[in-house]
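Report on one structure; see the data block that follows.
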Amino acid sequence: MKFLDMLRKIDEKPEADKTVPDSPKSDQNSAQSQASTDNQSTEVAKENEQKEEQLPMSVHDKRVNIEEQMNDLSHQYAQLRNDLKTNLFSEKDDFEAKKETLDNYLKTLKRDEKESTEKLADTKAQNDDAAKEHLAVVNADRKEQEQKLSELQEQLNDLNTEINTKTASLETLQTNLAKNEQSETDMSTSIKEEKDLQKMMVLMEKQKESIDTLYAKRKKLKEQINSAQEDIANLNSKAADLNNQIGDINKEIVNLQQKARNIDDQMKNDHNYRIETIAGLDRHIQSLDEEHKKIDDELADVNGNIDYLSKYIKDVFHSAYLVRDVYLDKDKEYYVTADDFDSDTAKNDLFGMVNYLESKLQKPVTVVSTFYNNHVHEIIDKKAKDQHIAIPNVVNLFDQLQKSDNPDGKRVAIPDSSDWVTRTDVETQDVFIYDKKQNLLMTAEYFDKEIIDRINYYKNDQVVKTNIYNTQGQLSSTQSFNKNKELSEQNFYRTDGSIVLTVIFEKNKPVSYQLFDKNGLLEHDFNEKSELITWWLKSVEPNTENAVFVGNHSDLLYQLVVSVNEIDSKNTVPLLQNVAKRIDDVIKLLDEQKDIIELFVQTEDDLHAIESKTNRDISVSVINTASNGTLSLPESLKV
């Protein structure tokens with residue numbers, strides 16, 4: 001359940017005065033009567049003025065008149081001095097904001113200068129040594145390939161010469177073979193043309209040896225031709241291999257030549273790039289230097305103004321630090337925390353914070369409290385009405401614990417008894433009840449003279465028990481006292497009459513907080529109130545996203561709300577008490593807790609004490625602005 005879900009919202013509007021309008025006739029008569037009265041009053045006033053002009057002013061009247069004028073002047077001076085202070089610090093803030101902007105810009109310039117200078121040095125340090133070395137390697141590889149190409153070309157030329165020789169020899173062999181075959185043909189033809197058989201036989205016998213020789217020679221020629229063809233085929237194969245190698249080497253040479261051209265082009269591009277980059281960086285660094293000098297001059301001027309204003313502020317206000325009002329964000333919800341409501345100081349602080357916040361914010365705040373008071377709502381409502389501010393919302397630990405779905409409708413009342421002697425205090429309406437022997441039995445105290453606040457039970461003139469009632473007359477709490485008149489136990493009840501909490505005391509100090517469920521069974525047993533509050537805070541889940549928590553810095557609830565919910569210091573405003581009397585301790589506290597940048601104090605003296613002692617800028621507002629009527633005359637009107 002969120003805080004805002006539990007709010008007790010009260011929206012009361014005072015009834016407007018009901019008046020009966022006068023009739024037109026009576027208005028006319030009234031107007032005439034009023035006109036006559038005004039004329040008479042004017043004449044009387046003129047006569048009195050003439051008499052007053054004639055009467056001399058007494059010395060006492062003159063003194064009162066002078067004091068009134070001085071009082072007006074003192075307030076005007078205080079207002080003007082405060083306006084001047086605000087103006088000076090606003091002007092100083094403007095210069096400091098400009099200084100921060102210039103400082104950040106100067107850091108950027110310096111970083112840019114450093115990076116540009118390093119880049120310039122790096123660019124100037126760059127050269128083509130690696131590229132030249134690479135180019136030399138590529139050219140060496142190309143020359144090596146060209147040498148191989150030359151050697152292969154020579155081998156190919158030799159091989160072609162040999163092939164040509166072999167081919168010519170083959171052609172000769174083939175010619176000789178053709179001649180051999182032709183000789184055979186011629187012999188065969190001559191034999192075939194011989195008609196004489198005997199001559200044919202003689203001719204065949206005669207040519208037999210020539211034919212054998214011719215066949216032998218043909219066989220040899222064919223063998224030589226085959227051998228020559230094989231040699232030529234081998235040589236052609238070798239020539240083809242050489243041509244392939246030459247082709248590969250030519251491609252490699254072309255690639256190496258292109259690579260060399262690429263490297264050379266890249267060196268030219270790199271060289272041109274370095275020249276352009278160096279020129280551009282030189283111009284950029286020069287521009288940065290000029291801008292640097294310009295910002296230095298502006299910073300010197302701004303620092304001079306800050307120094308002047310700081311000295312001026314210190315000379316006039318005796319402090320070099322700004323103490324301004326606490327900034328209130330109207331878009332946020334403000335929660336005023338309080339665990340103590342017993343002392344007048346605690347009440348004044350609580351109402352002071354509520355009054356200050358609601359007067360500035362023009363809307364209700366929420367009071368989050370863990371103290372017990374059976375009429376807390378009525379007290380806060382009445383105080384708000386008296387101060388003409390919005391009635392704050394109230395979230396109270398004991399309200400939540402004592403709430404029930406089926407409240408008891410019985411209202412407490414003092415019964416009549418013939419055995420009692422009853423006496424009533426005329427002023428307070430408190431009732432004192434005695435027995436017939438005049439022994440005090442009980443007293444009934446009233447809240448606002450009508451509602452029974454508590455009934456005290458006595459034995460031997462000593463209170464032994466007290467029943468405390470809420471505004472509806474329901475039993476809210478009981479207190480039990482021991483023989484030493486010390487509070488020993490206090491019980492708290494739900495509105496349905498069931499017990500919800502028992503607090504055990506030893507020597508008036510609480511030592512146990514026993515929490516009971518709706519069936520009367522013990523649910524929790526806490527040793528300290530802080531444990532009970534922590535449990536409650538976790539159960540109600542306060543919404544801290546858009547909230548600002550305000551409270552006494554030493555207040556238990558304020559400390560627990562901040563710590564349990566891990567609230568950022570930007571969303572808290574602590575109240576410091578008795579600052580003027582312990583200013584050194586306060587300054588020490590502010591030094592130790594740098595996260596306190598906004599705070600409330602009780603009086604103007606507390607504010608002035610911080611203004612004179614603070615060693616850093618801080619926002620401080622006074623929650624008690626009531627004037628005691630004392631003249632606040634300055635020692636000198638010279639600023």
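We label chains A, B, ... in the order they appear in the structure tokens, count residues from 1 in each chain, and number ligands from 1 in the order shown.
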Quiz prompt | Contact residues around Ser369 (chain A) with only C-alpha atoms at 8 Å, ignoring same-chain residues under 3 positions, as number ranges by chain | solution = A: 337-339, 394-397, 557
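When CA of Ile232 (chain A) is paired with CA of Ala216 (chain A), their separation reads 24.2 Å.
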Quiz item: Among region 456-542 of chain A, which residues carry a DSSP assignment of helix (DSSP H, G or I), reported as a PyMOL selection string?
Solution: chain A and resi 529-540
Quiz item: Within 12 Å of Ala320 (chain A), counting only C-alpha atoms, which residues qualify if same-chain residues fewer than 5 places away don't, as an MDAnalysis selection string?
Solution: chainID A and resid 85 88:89 92 306:315 611:618
Quiz item: Which neighbours of Asn244 (chain A) fall inside 12 Å, counting only C-alpha atoms, when residues of the same chain fewer than 5 positions from it are skipped, and could you give them as a PyMOL selection string?
Solution: chain A and resi 149+152-153+156+237-239+249-251
Limited to C-alpha atoms, could you put the picked residues into a file as a CSV table (one decimal), in the first residue's frame?
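Result saved to out_30.csv:
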chain,number,residue,atom,x,y,z
A,149,LEU,CA,63.1,-15.5,-69.8
A,152,LEU,CA,64.6,-20.0,-71.9
A,153,GLN,CA,64.4,-18.0,-75.1
A,156,LEU,CA,64.0,-22.3,-77.4
A,237,SER,CA,57.3,-31.3,-76.9
A,238,LYS,CA,60.3,-29.6,-75.3
A,239,ALA,CA,59.6,-26.5,-77.3
A,249,ILE,CA,57.4,-15.8,-67.0
A,250,ASN,CA,56.1,-13.1,-69.3
A,251,LYS,CA,52.9,-13.0,-67.2
Quiz item: Could you write out, as an NGL selection string, all the residues of region 244-462 of chain A that DSSP marks as strand (DSSP E)?
Solution: :A and (323-324 or 333-338 or 366-369 or 393-396 or 421-424 or 431-434 or 440-447 or 451-459 or 462)
Self-check item: Nearest residue to Asp595 (chain A) from the set A:Arg142, A:Arg81, A:Lys98, A:Lys570 (distances using only C-alpha atoms)
Solution: A:Lys570
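The coordinates place CA of Ser359 (chain A) at 29.6 Å from CA of Val564 (chain A).
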Quiz item: Counting only C-alpha atoms, what is within 8 Å of Leu576 (chain A), bar same-chain residues fewer than 6 positions away, as JSON, numbers by chain?
Solution: {"A": [552, 553, 554, 599, 600, 601, 602]}
Quiz item: Asn624 (chain A): which residues within 12 Å, counting only C-alpha atoms, same-chain residues fewer than 6 positions away excluded, as a PyMOL selection string?
Solution: chain A and resi 345+348-357+575+577+600-607
Quiz item: Which residues, written as an NGL selection string, have at least one atom at most 10 Å from Lys119 (chain A), with only C-alpha atoms counted and residues fewer than 5 positions away on the same chain left out?
Solution: :A and (113-114 or 124-125 or 277-278 or 281)
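Closest approach to Leu322 (chain A) from the set A:Ile597, A:Ile433, A:Ala136, A:Leu80 is made by A:Ile597, with distances taken over only C-alpha atoms.
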